[in-house]
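Colleague: Structure below; questions to follow.
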Amino acid sequence: MSSPHSDSDTDSDQSQSGSEPVRHSDLSDSIFRSYLEFTGRSSATNTDLSKIQSFLTSSSSGALSCLICLERIRPSHPTWSCTSVCFSVFHLICIQSWARQASDLSALRASTRLPISAQKAAEVSLWNCPKCRVEYPQSQIPKTYFCFCGKLENPPSDDPWILPHSCGEVCNRPLNHSCGHHCLLLCHPGPCPSCPKLVKARCFCGSVQDVRRCGFKNFSCNNVCKKLLACRIHCCSEICHQGPCPPCPVRAVYRCQCGKREEERECCERLDFRCEEPCEKVLGCGQHKCSKGCHSEDCGPCPFQGMRTCPCGKTVHEGLSCKESVPLCGATCSKMLSCGYHRCPERCHRGQCIVTCRTVVIKSCRCGSLKKEVPCHQDLTCERKCQRQRDCGRHACKRRCCDGDCPPCSEVCGRKLRCKNHKCPSPCHRGACAPCPVMVTIACLCGETHFEVPCGIEMDQKPPRCPKPCPITLLCRHGKNRKPHKCHYGACPPCRVLCEEEYPCGHKCKLRCHGPRPPPNPEFTLKPKKKKSLHQSECTPGSPCPPCPEHVWRSCVGQHIGVERMMVCSDKTLFSCENLCGNPLPCGNHFCTKTCHPLKNQSLPSVQQARSEPCEKCHLPCGKEREPACSHPCPLSCHPGDCPPCKVLVKRSCHCGSMVHVFECIYYNSLSEKEQMAARSCGGPCHRKLPYCNHLCPELCHPGQCSFPEKCSKKVTVRCACQSLKKEWLCHDVQAAYRNAGSDPKDISKNQFGHALIPCNSNCKSKLKVIDSELQLRRPKTVEVKEPDTDKHGPKRKKRRERVQEVTQISTLQKIVSNVKRFLLLVTLLLVLVAVSYYGYKGLIWLNDWMNEVEEKRQGRYPRI
């Protein structure tokens, strides 16, 4: 078992006397070592040592205080401890003064109330322990300073390894119940523990024998007792118990001692059963009967035999028979009357004297304020109150005219004790009141470590230090993740974790945890050692999170992009930029041209909704593109939603171009591409000519190019050069013949298509010559016309070619010059860019300042919402 050490005495002792050594904080193991080695650490042992442990805790922690002066008991102070019940420790000077005052007061009262001398009263006077009120004789007033066990006078106080006021040796005091063994602990405060020796012991009824600790040798076997009861007839039927057996409870009919009456009674009452009738047995004289009550012994001799006297006792007669009565002597009776002052004035007589004394005397009332002659048997009283001071010296007697000494004061003292918390519960008395007997337990927060101090000094004590973890559950939400700390007094240390409580805006609080904290124990008020710091904490514990301090970009009231401002998140101030509103109008096609203004929105607060302005109304013509797309504008004014279907008639020719179709625009544009091609077809033969011949397409009207134009199967008349011979060929054969001859069928005119494909025969030569002659007559003119042109344009082409060749032949010097020019041009461009960037940045700064000034001037136009 370890004894927690409190720093209460360390702080105060070092502040007053720095030379005192620091005491060892754990002396319990050394004090209990020999006892625990003998008994072990059983539950009964721990319970037996708990009271000693509390005394040790108070002594080692410096919490011992004198109940008389209410001052702390230092290790160097001489002390005295009560060894009867309470084992309280007092200053030696204080207990000596207390004992002398109490014994002197006791001797004074004894000498005034009893017929003894003052010296005899001083010898028999007693004094009480201030706490347990156990009485001690005057001879036991302490005169010297002893250790707890009483072996060593003036024990040392400078050894840090020995308990204060202890000798450090084995206690060796005889244990309780006079078992013959002695205490095994080192010199210690408080009661000695129970004897740990093992002895053979019997149970209370003596039927079972067992080996037990000497301090717990008295035990019950839980069987029926079966001891013979005091009646010597029946046995005890209760469970084995301590102490004598109860009276025999067996009921039966028994006779009284004289044998006259029978009643049903318990067996334990039969020996004392006496009837209320006289015995009336005949005595030995045979003349008189026994006048005693019911009894079992002999009645004895007749009381009227032997020496007898007259009723007043003055005359003695001998030899008279028991049958004869004693004669009267005739003298005055002179027996003391009931008043105790006068005697009977009548002559000797039989029977009792007069009950009331009729002698007239002068009497004073009980309080002494009235005197009067009255019969002796009559008490004289007045109607006044006594008003004499009682022995307490504080209250007057309130009884009506009392005689002799007034009764002791029966009121409670009620004066406030020195502890200032309780009142004196004793009867009203003289002198100082006894110290407050209440002991206050000072414990740590969990209650595992504690010590007791007298009432009245608990405010000056510090709670003991406890090595166990703090049992207080933290109230903030970081309690589960927080590092545990030791048990302490007062409030728990503040939580150092960041709060991180989420605001409604989505940000988290970045201050230290300011959640609720458990309140400190208000039982004591600890004096602060240091001055309070003037530094204010970030947030008071238990208070809600402050407004969100985060900076966010917030747009203007018109929700424009690019005009946001950096603002505190909790600041709900709105601002208006000077740009156009630009929000879509109800038509959905155009935008508002007003200056930036608040918009109506259900999510905005009611104050901003009250200040909102509607956008302007649109009066422009509709400019939306139609669905399906067409080139015709909507005839309606600007409107929301889709435009009406386009009913404009559009003309589309067929694929071959032979006819024109008329369609509604919505109908034609809603068709797919294939459906449009099918709708435009005229359904007749294609009227387009083939590309390689002059024949029409043999297919029906179709989109795109005609298919397989080189495979035309129309018949073509083919002639010779003189056109004398002719034949019919298929068109694709004619085209193949032109291709074989090295000419393209496209270049053949319609009149010459199929000409000169057949060779002429002998019959055609004369015709050929005539044709050649005619051609020669025509050719010179054509050549003459063409030749000049050819000669004229020939030199120009030559000059151009030469000029190009001359330009391409550039010298090396020209190349260097051109490169230098390019370099200078590049440097100039870079300088221009740097200048534009610099002055542009300056201009932006100036523009920003100017816009801020303009906004400050226009705050009156758009106040905060």
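Chains: A, B, ... in order of the structure tokens. Residues: from 1 per chain. Ligands: from 1, in order shown.
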Counting only C-alpha atoms, what is within 7 Å of stretch 156-158 of chain A, bar same-chain residues fewer than 5 positions away, as a ChimeraX atom specification?

Modeller: /A:21,75-76,164-165

Colleague: Given the selection you just returned, output its residues as a file containing N, CA and C atoms, formatted as a short mmCIF file (atom, residue, chain, number, x, y, z; two decimals), in the first residue's frame.

Modeller:
data_model
loop_
_atom_site.label_atom_id
_atom_site.label_comp_id
_atom_site.auth_asym_id
_atom_site.auth_seq_id
_atom_site.Cartn_x
_atom_site.Cartn_y
_atom_site.Cartn_z
N PRO A 21 14.34 19.31 6.13
CA PRO A 21 14.57 18.36 5.02
C PRO A 21 13.26 17.95 4.37
N PRO A 75 6.54 18.78 11.89
CA PRO A 75 7.33 17.62 12.37
C PRO A 75 8.19 17.93 13.58
N SER A 76 8.55 19.19 13.78
CA SER A 76 9.41 19.54 14.90
C SER A 76 8.64 19.90 16.17
N PRO A 164 7.19 11.47 11.01
CA PRO A 164 7.27 12.49 12.06
C PRO A 164 6.62 12.01 13.36
N HIS A 165 7.26 12.37 14.50
CA HIS A 165 6.80 12.03 15.84
C HIS A 165 6.87 10.53 16.09
#

Colleague: Need to verify the contact set: A:Cys86, 10 Å, only C-alpha atoms, exclusion of same-chain residues closer than 4 positions in sequence. Can you return it as an MDAnalysis selection string?

Modeller: chainID A and resid 81:82 129:134 190:191

Colleague: Closest to A:Gln242 among A:Glu276, A:Glu264, A:Cys205, A:Lys468, using only C-alpha atoms?

Modeller: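 The shortest atom-to-atom distance to A:Gln242 comes from A:Cys205.
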
Colleague: Would you please extract all helix (DSSP H, G or I) residues from stretch 435-647 of chain A, as assigned by DSSP on the backbone, and give them as a list in words?

Modeller: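 Written out, the helix (DSSP H, G or I) residues of stretch 435-647 of chain A are Glu458, Met459, Asp460, Ser606, Val607, Gln608, Gln609, Ala610 and Arg611 of chain A.
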
Colleague: Go ahead and write the residues just picked, N, CA, C and O atoms, as a PDB file, in the first residue's frame.

Modeller:
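Listing of out20.pdb after writing:
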ATOM      1  N   GLU A 458     -10.069  23.063   6.944  1.00  0.00           N
ATOM      2  CA  GLU A 458     -10.103  22.441   5.617  1.00  0.00           C
ATOM      3  C   GLU A 458      -9.897  23.446   4.494  1.00  0.00           C
ATOM      4  O   GLU A 458      -9.457  23.094   3.400  1.00  0.00           O
ATOM      5  N   MET A 459     -10.207  24.736   4.763  1.00  0.00           N
ATOM      6  CA  MET A 459     -10.024  25.735   3.724  1.00  0.00           C
ATOM      7  C   MET A 459      -8.555  26.022   3.460  1.00  0.00           C
ATOM      8  O   MET A 459      -8.191  26.509   2.394  1.00  0.00           O
ATOM      9  N   ASP A 460      -7.683  25.745   4.439  1.00  0.00           N
ATOM     10  CA  ASP A 460      -6.256  25.995   4.279  1.00  0.00           C
ATOM     11  C   ASP A 460      -5.502  24.774   3.786  1.00  0.00           C
ATOM     12  O   ASP A 460      -4.287  24.835   3.611  1.00  0.00           O
ATOM     13  N   SER A 606     -35.381  37.440 -46.481  1.00  0.00           N
ATOM     14  CA  SER A 606     -36.576  38.257 -46.739  1.00  0.00           C
ATOM     15  C   SER A 606     -36.212  39.726 -46.904  1.00  0.00           C
ATOM     16  O   SER A 606     -36.845  40.450 -47.678  1.00  0.00           O
ATOM     17  N   VAL A 607     -35.167  40.193 -46.194  1.00  0.00           N
ATOM     18  CA  VAL A 607     -34.790  41.610 -46.318  1.00  0.00           C
ATOM     19  C   VAL A 607     -34.311  41.897 -47.723  1.00  0.00           C
ATOM     20  O   VAL A 607     -34.666  42.909 -48.345  1.00  0.00           O
ATOM     21  N   GLN A 608     -33.492  40.992 -48.282  1.00  0.00           N
ATOM     22  CA  GLN A 608     -32.996  41.216 -49.637  1.00  0.00           C
ATOM     23  C   GLN A 608     -34.115  41.059 -50.667  1.00  0.00           C
ATOM     24  O   GLN A 608     -34.137  41.746 -51.678  1.00  0.00           O
ATOM     25  N   GLN A 609     -35.051  40.144 -50.412  1.00  0.00           N
ATOM     26  CA  GLN A 609     -36.170  40.014 -51.339  1.00  0.00           C
ATOM     27  C   GLN A 609     -37.010  41.291 -51.369  1.00  0.00           C
ATOM     28  O   GLN A 609     -37.531  41.686 -52.416  1.00  0.00           O
ATOM     29  N   ALA A 610     -37.129  41.974 -50.223  1.00  0.00           N
ATOM     30  CA  ALA A 610     -37.907  43.213 -50.200  1.00  0.00           C
ATOM     31  C   ALA A 610     -37.225  44.312 -51.016  1.00  0.00           C
ATOM     32  O   ALA A 610     -37.893  45.169 -51.588  1.00  0.00           O
ATOM     33  N   ARG A 611     -35.889  44.291 -51.102  1.00  0.00           N
ATOM     34  CA  ARG A 611     -35.154  45.309 -51.849  1.00  0.00           C
ATOM     35  C   ARG A 611     -34.905  44.897 -53.300  1.00  0.00           C
ATOM     36  O   ARG A 611     -34.262  45.637 -54.031  1.00  0.00           O
TER      37      ARG A 611
END

Colleague: Please identify all polymer residues within 8 Å of A:Thr593, counting only C-alpha atoms, omitting same-chain residues fewer than 2 positions from it, and present them as a ChimeraX atom specification.

Modeller: /A:580-582,591,595,616

Colleague: Could you pull the residues within 12 Å of A:Asn761, counting only C-alpha atoms, minus those fewer than 6 positions along the same chain, as a ChimeraX atom specification?

Modeller: /A:719-726,767-768

Colleague: Restrict the selected residues to N, CA and C atoms and save them as a compact mmCIF listing (two decimals), in the first residue's frame.

Modeller:
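Writing done, so here's out_3.txt:
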# COMPACT_ATOMS: atom_id res chain seq x y z
N ARG A 719 -18.96 7.49 -139.03
CA ARG A 719 -18.63 7.77 -140.43
C ARG A 719 -17.13 7.78 -140.61
N CYS A 720 -16.78 7.73 -141.89
CA CYS A 720 -15.37 7.85 -142.24
C CYS A 720 -15.01 9.32 -142.35
N ALA A 721 -13.78 9.58 -142.73
CA ALA A 721 -13.33 10.97 -142.78
C ALA A 721 -14.05 11.75 -143.86
N CYS A 722 -14.32 11.10 -144.95
CA CYS A 722 -15.04 11.80 -146.03
C CYS A 722 -16.53 11.68 -145.88
N GLN A 723 -16.94 10.98 -144.83
CA GLN A 723 -18.36 10.79 -144.50
C GLN A 723 -19.10 10.03 -145.60
N SER A 724 -18.32 9.27 -146.33
CA SER A 724 -18.98 8.48 -147.38
C SER A 724 -19.50 7.19 -146.77
N LEU A 725 -18.69 6.64 -145.82
CA LEU A 725 -19.11 5.38 -145.21
C LEU A 725 -19.71 5.68 -143.82
N LYS A 726 -20.63 4.88 -143.44
CA LYS A 726 -21.24 5.02 -142.12
C LYS A 726 -21.70 3.67 -141.56
N LYS A 767 -12.83 12.18 -152.88
CA LYS A 767 -13.51 13.08 -151.94
C LYS A 767 -12.54 13.61 -150.90
N LEU A 768 -11.58 12.80 -150.55
CA LEU A 768 -10.62 13.22 -149.53
C LEU A 768 -9.73 14.32 -150.06

Colleague: So that I can check the surroundings of A:Gly243, please list as a ChimeraX atom specification every protein, DNA and RNA residue that reaches within 12 Å of it, counting only C-alpha atoms and ignoring chain neighbours fewer than 4 positions away.

Modeller: /A:203-205,218-220,225,227

Colleague: From a DSSP pass on the backbone, collect the residues of stretch 293-455 of chain A flagged as strand (DSSP E) and hand them back as a VMD selection string.

Modeller: chain A and resid 308 to 309 316 to 317 360 to 364 371 to 375 439 to 443 450 to 454

Colleague: Create the file for the chosen residues now, containing N, CA, C and O atoms and written as an mmCIF file, in the first residue's frame.

Modeller:
data_model
loop_
_atom_site.group_PDB
_atom_site.id
_atom_site.type_symbol
_atom_site.label_atom_id
_atom_site.label_comp_id
_atom_site.auth_asym_id
_atom_site.auth_seq_id
_atom_site.Cartn_x
_atom_site.Cartn_y
_atom_site.Cartn_z
ATOM 1 N N ARG A 308 -38.643 -6.827 74.161
ATOM 2 C CA ARG A 308 -39.464 -5.896 73.417
ATOM 3 C C ARG A 308 -39.465 -4.549 74.138
ATOM 4 O O ARG A 308 -39.262 -4.474 75.339
ATOM 5 N N THR A 309 -39.752 -3.447 73.366
ATOM 6 C CA THR A 309 -39.801 -2.098 73.930
ATOM 7 C C THR A 309 -41.171 -1.529 73.701
ATOM 8 O O THR A 309 -41.957 -2.006 72.878
ATOM 9 N N VAL A 316 -37.881 -0.929 78.189
ATOM 10 C CA VAL A 316 -37.609 -2.276 77.690
ATOM 11 C C VAL A 316 -38.298 -3.285 78.588
ATOM 12 O O VAL A 316 -38.201 -3.175 79.829
ATOM 13 N N HIS A 317 -38.951 -4.280 77.959
ATOM 14 C CA HIS A 317 -39.649 -5.326 78.705
ATOM 15 C C HIS A 317 -39.088 -6.656 78.260
ATOM 16 O O HIS A 317 -38.910 -6.888 77.052
ATOM 17 N N VAL A 360 -45.424 26.334 64.310
ATOM 18 C CA VAL A 360 -45.349 27.557 63.498
ATOM 19 C C VAL A 360 -43.920 28.066 63.529
ATOM 20 O O VAL A 360 -43.335 28.245 64.611
ATOM 21 N N VAL A 361 -43.386 28.311 62.360
ATOM 22 C CA VAL A 361 -42.008 28.816 62.221
ATOM 23 C C VAL A 361 -42.012 29.960 61.214
ATOM 24 O O VAL A 361 -42.962 30.145 60.441
ATOM 25 N N ILE A 362 -40.946 30.754 61.251
ATOM 26 C CA ILE A 362 -40.768 31.824 60.257
ATOM 27 C C ILE A 362 -39.988 31.240 59.062
ATOM 28 O O ILE A 362 -38.857 30.762 59.222
ATOM 29 N N LYS A 363 -40.600 31.274 57.931
ATOM 30 C CA LYS A 363 -39.977 30.741 56.720
ATOM 31 C C LYS A 363 -39.854 31.844 55.669
ATOM 32 O O LYS A 363 -40.648 32.779 55.637
ATOM 33 N N SER A 364 -38.837 31.715 54.863
ATOM 34 C CA SER A 364 -38.690 32.599 53.690
ATOM 35 C C SER A 364 -38.983 31.775 52.425
ATOM 36 O O SER A 364 -38.864 30.542 52.421
ATOM 37 N N LYS A 371 -40.723 36.608 53.678
ATOM 38 C CA LYS A 371 -40.624 35.908 54.958
ATOM 39 C C LYS A 371 -41.977 35.967 55.652
ATOM 40 O O LYS A 371 -42.626 37.007 55.647
ATOM 41 N N LYS A 372 -42.340 34.807 56.341
ATOM 42 C CA LYS A 372 -43.678 34.758 56.930
ATOM 43 C C LYS A 372 -43.742 33.589 57.909
ATOM 44 O O LYS A 372 -43.021 32.610 57.746
ATOM 45 N N GLU A 373 -44.654 33.706 58.958
ATOM 46 C CA GLU A 373 -44.861 32.602 59.897
ATOM 47 C C GLU A 373 -45.906 31.647 59.313
ATOM 48 O O GLU A 373 -47.055 32.029 59.075
ATOM 49 N N VAL A 374 -45.496 30.408 59.169
ATOM 50 C CA VAL A 374 -46.376 29.389 58.593
ATOM 51 C C VAL A 374 -46.109 28.084 59.306
ATOM 52 O O VAL A 374 -45.053 27.919 59.969
ATOM 53 N N PRO A 375 -47.052 27.115 59.267
ATOM 54 C CA PRO A 375 -46.776 25.803 59.847
ATOM 55 C C PRO A 375 -45.551 25.181 59.204
ATOM 56 O O PRO A 375 -45.229 25.428 58.033
ATOM 57 N N MET A 439 -14.499 15.745 12.176
ATOM 58 C CA MET A 439 -13.331 15.616 11.307
ATOM 59 C C MET A 439 -13.806 15.676 9.862
ATOM 60 O O MET A 439 -14.769 15.005 9.480
ATOM 61 N N VAL A 440 -13.141 16.480 9.088
ATOM 62 C CA VAL A 440 -13.501 16.671 7.686
ATOM 63 C C VAL A 440 -12.527 15.868 6.831
ATOM 64 O O VAL A 440 -11.308 15.932 7.033
ATOM 65 N N THR A 441 -13.093 15.115 5.928
ATOM 66 C CA THR A 441 -12.268 14.294 5.025
ATOM 67 C C THR A 441 -11.954 15.100 3.773
ATOM 68 O O THR A 441 -12.857 15.580 3.081
ATOM 69 N N ILE A 442 -10.669 15.248 3.504
ATOM 70 C CA ILE A 442 -10.211 15.909 2.280
ATOM 71 C C ILE A 442 -9.715 14.820 1.349
ATOM 72 O O ILE A 442 -8.802 14.077 1.688
ATOM 73 N N ALA A 443 -10.354 14.716 0.217
ATOM 74 C CA ALA A 443 -10.029 13.649 -0.721
ATOM 75 C C ALA A 443 -9.756 14.237 -2.091
ATOM 76 O O ALA A 443 -10.107 15.381 -2.384
ATOM 77 N N HIS A 450 -7.252 10.097 0.407
ATOM 78 C CA HIS A 450 -7.914 11.042 1.300
ATOM 79 C C HIS A 450 -7.221 11.064 2.651
ATOM 80 O O HIS A 450 -6.462 10.152 2.999
ATOM 81 N N PHE A 451 -7.463 12.098 3.406
ATOM 82 C CA PHE A 451 -7.022 12.194 4.789
ATOM 83 C C PHE A 451 -8.001 13.085 5.533
ATOM 84 O O PHE A 451 -8.793 13.803 4.920
ATOM 85 N N GLU A 452 -7.979 12.989 6.859
ATOM 86 C CA GLU A 452 -8.928 13.719 7.698
ATOM 87 C C GLU A 452 -8.207 14.858 8.411
ATOM 88 O O GLU A 452 -7.071 14.698 8.864
ATOM 89 N N VAL A 453 -8.898 15.969 8.507
ATOM 90 C CA VAL A 453 -8.392 17.134 9.232
ATOM 91 C C VAL A 453 -9.516 17.648 10.119
ATOM 92 O O VAL A 453 -10.691 17.410 9.853
ATOM 93 N N PRO A 454 -9.171 18.342 11.197
ATOM 94 C CA PRO A 454 -10.232 18.891 12.060
ATOM 95 C C PRO A 454 -11.059 19.937 11.318
ATOM 96 O O PRO A 454 -10.575 20.633 10.423
#

Colleague: Just to confirm, what's the straight-line distance from atom CA of A:Glu297 to atom CA of A:Glu318 in Å (one decimal)?

Modeller: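 Answer for the atom CA of A:Glu297 to atom CA of A:Glu318 separation: 28.6 Å.
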
Colleague: Restricting the calculation to only C-alpha atoms, which member of A:Ala396, A:Cys656, A:Val199, A:Leu696 is positioned closest to A:Gly683?

Modeller: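 The answer is A:Cys656, which sits nearest to A:Gly683.
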
Colleague: Which one is closest to A:Lys281: A:Val250, A:Cys302, A:Cys268, A:Cys353? Count only C-alpha atoms.

Modeller: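 Between A:Val250, A:Cys302, A:Cys268, A:Cys353, the residue approaching A:Lys281 most closely is A:Cys302.
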
Colleague: Could you check which of A:Leu585, A:Ala629, A:Val438, A:Cys615 is closest to A:Arg418, using only C-alpha atoms?

Modeller: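 Smallest distance to A:Arg418 is found for A:Val438.
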
Colleague: Name the closest residue to A:His349 among the candidates A:Cys365, A:Cys329, A:Cys618, A:Cys665; distances are taken between atoms, counting only C-alpha atoms.

Modeller: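 Distance minimum relative to A:His349 lands on A:Cys329.
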
Colleague: Using only C-alpha atoms, which protein or nucleic acid residues come within 12 Å of stretch 505-514 of chain A? Drop anything in the same chain fewer than 5 positions from it, and give the result as a short mmCIF file (atom, residue, chain, number, x, y, z; two decimals) with C-alpha atoms, in the first residue's frame.

Modeller:
data_model
loop_
_atom_site.label_atom_id
_atom_site.label_comp_id
_atom_site.auth_asym_id
_atom_site.auth_seq_id
_atom_site.Cartn_x
_atom_site.Cartn_y
_atom_site.Cartn_z
CA LEU A 474 -15.06 15.45 -20.67
CA LEU A 475 -18.05 17.30 -22.02
CA CYS A 476 -16.53 18.42 -25.30
CA ARG A 477 -16.68 16.17 -28.35
CA HIS A 478 -12.93 15.45 -28.24
CA GLY A 479 -13.20 13.52 -24.96
CA ARG A 482 -8.00 13.05 -25.65
CA PRO A 493 -7.14 21.26 -18.00
CA PRO A 494 -8.53 22.86 -21.14
CA CYS A 495 -8.74 20.80 -24.32
CA ARG A 496 -5.93 21.76 -26.71
CA VAL A 497 -7.43 20.13 -29.81
CA LEU A 498 -8.78 22.33 -32.58
CA CYS A 499 -12.55 22.76 -32.42
CA GLU A 500 -13.31 21.93 -36.10
CA SER A 537 -8.12 33.27 -24.09
CA GLU A 538 -9.22 32.83 -27.65
CA CYS A 539 -12.70 31.81 -26.61
CA THR A 540 -14.47 31.31 -23.30
CA PRO A 541 -15.01 27.58 -22.54
CA GLY A 542 -18.61 26.55 -23.00
CA SER A 543 -19.39 29.38 -25.43
CA PRO A 544 -20.58 28.80 -29.01
CA CYS A 545 -18.25 29.16 -31.94
CA PRO A 546 -17.65 32.77 -33.06
CA PRO A 547 -18.93 33.90 -36.46
CA CYS A 548 -17.07 32.27 -39.34
CA PRO A 549 -13.86 34.29 -39.92
CA GLU A 550 -12.96 32.69 -43.26
CA HIS A 551 -12.51 34.94 -46.33
CA VAL A 552 -14.53 33.96 -49.35
CA VAL A 568 -15.56 37.57 -44.34
CA CYS A 569 -17.87 34.58 -44.59
CA SER A 570 -20.02 35.66 -41.62
CA ASP A 571 -20.39 39.20 -43.05
CA LYS A 572 -23.64 39.13 -45.03
#

Colleague: Any idea what's packed within 7 Å of A:His661, counting only C-alpha atoms, ignoring anything in its chain fewer than 5 positions away? Could you give it as a PyMOL selection string?

Modeller: chain A and resi 651-653+680

Colleague: Please write the residues from the selection above to a file, keeping all heavy atoms, as a CSV table (one decimal), in the first residue's frame.

Modeller:
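The resulting out_13.csv:
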chain,number,residue,atom,x,y,z
A,651,LYS,N,-39.5,26.5,-102.7
A,651,LYS,CA,-39.5,25.8,-104.0
A,651,LYS,C,-38.2,25.0,-104.1
A,651,LYS,O,-37.1,25.5,-103.7
A,651,LYS,CB,-39.5,26.8,-105.1
A,651,LYS,CG,-40.8,27.6,-105.2
A,651,LYS,CD,-40.7,28.6,-106.3
A,651,LYS,CE,-42.1,29.4,-106.4
A,651,LYS,NZ,-42.1,30.4,-107.5
A,652,ARG,N,-38.3,23.8,-104.5
A,652,ARG,CA,-37.2,22.9,-104.7
A,652,ARG,C,-37.4,22.1,-106.0
A,652,ARG,O,-38.4,21.6,-106.3
A,652,ARG,CB,-37.1,21.8,-103.6
A,652,ARG,CG,-36.8,22.4,-102.2
A,652,ARG,CD,-35.4,22.9,-102.1
A,652,ARG,NE,-35.1,23.4,-100.8
A,652,ARG,CZ,-35.3,24.7,-100.4
A,652,ARG,NH1,-35.8,25.6,-101.2
A,652,ARG,NH2,-35.0,25.0,-99.2
A,653,SER,N,-36.3,22.3,-106.9
A,653,SER,CA,-36.4,21.6,-108.2
A,653,SER,C,-36.1,20.1,-108.0
A,653,SER,O,-35.5,19.7,-107.0
A,653,SER,CB,-35.4,22.2,-109.2
A,653,SER,OG,-34.1,22.1,-108.7
A,680,ARG,N,-38.2,15.2,-103.7
A,680,ARG,CA,-37.8,16.1,-104.8
A,680,ARG,C,-37.8,15.4,-106.1
A,680,ARG,O,-37.7,16.0,-107.2
A,680,ARG,CB,-36.4,16.7,-104.5
A,680,ARG,CG,-36.4,17.7,-103.4
A,680,ARG,CD,-35.0,18.2,-103.1
A,680,ARG,NE,-34.4,18.8,-104.3
A,680,ARG,CZ,-33.2,19.3,-104.4
A,680,ARG,NH1,-32.4,19.2,-103.3
A,680,ARG,NH2,-32.7,19.8,-105.5
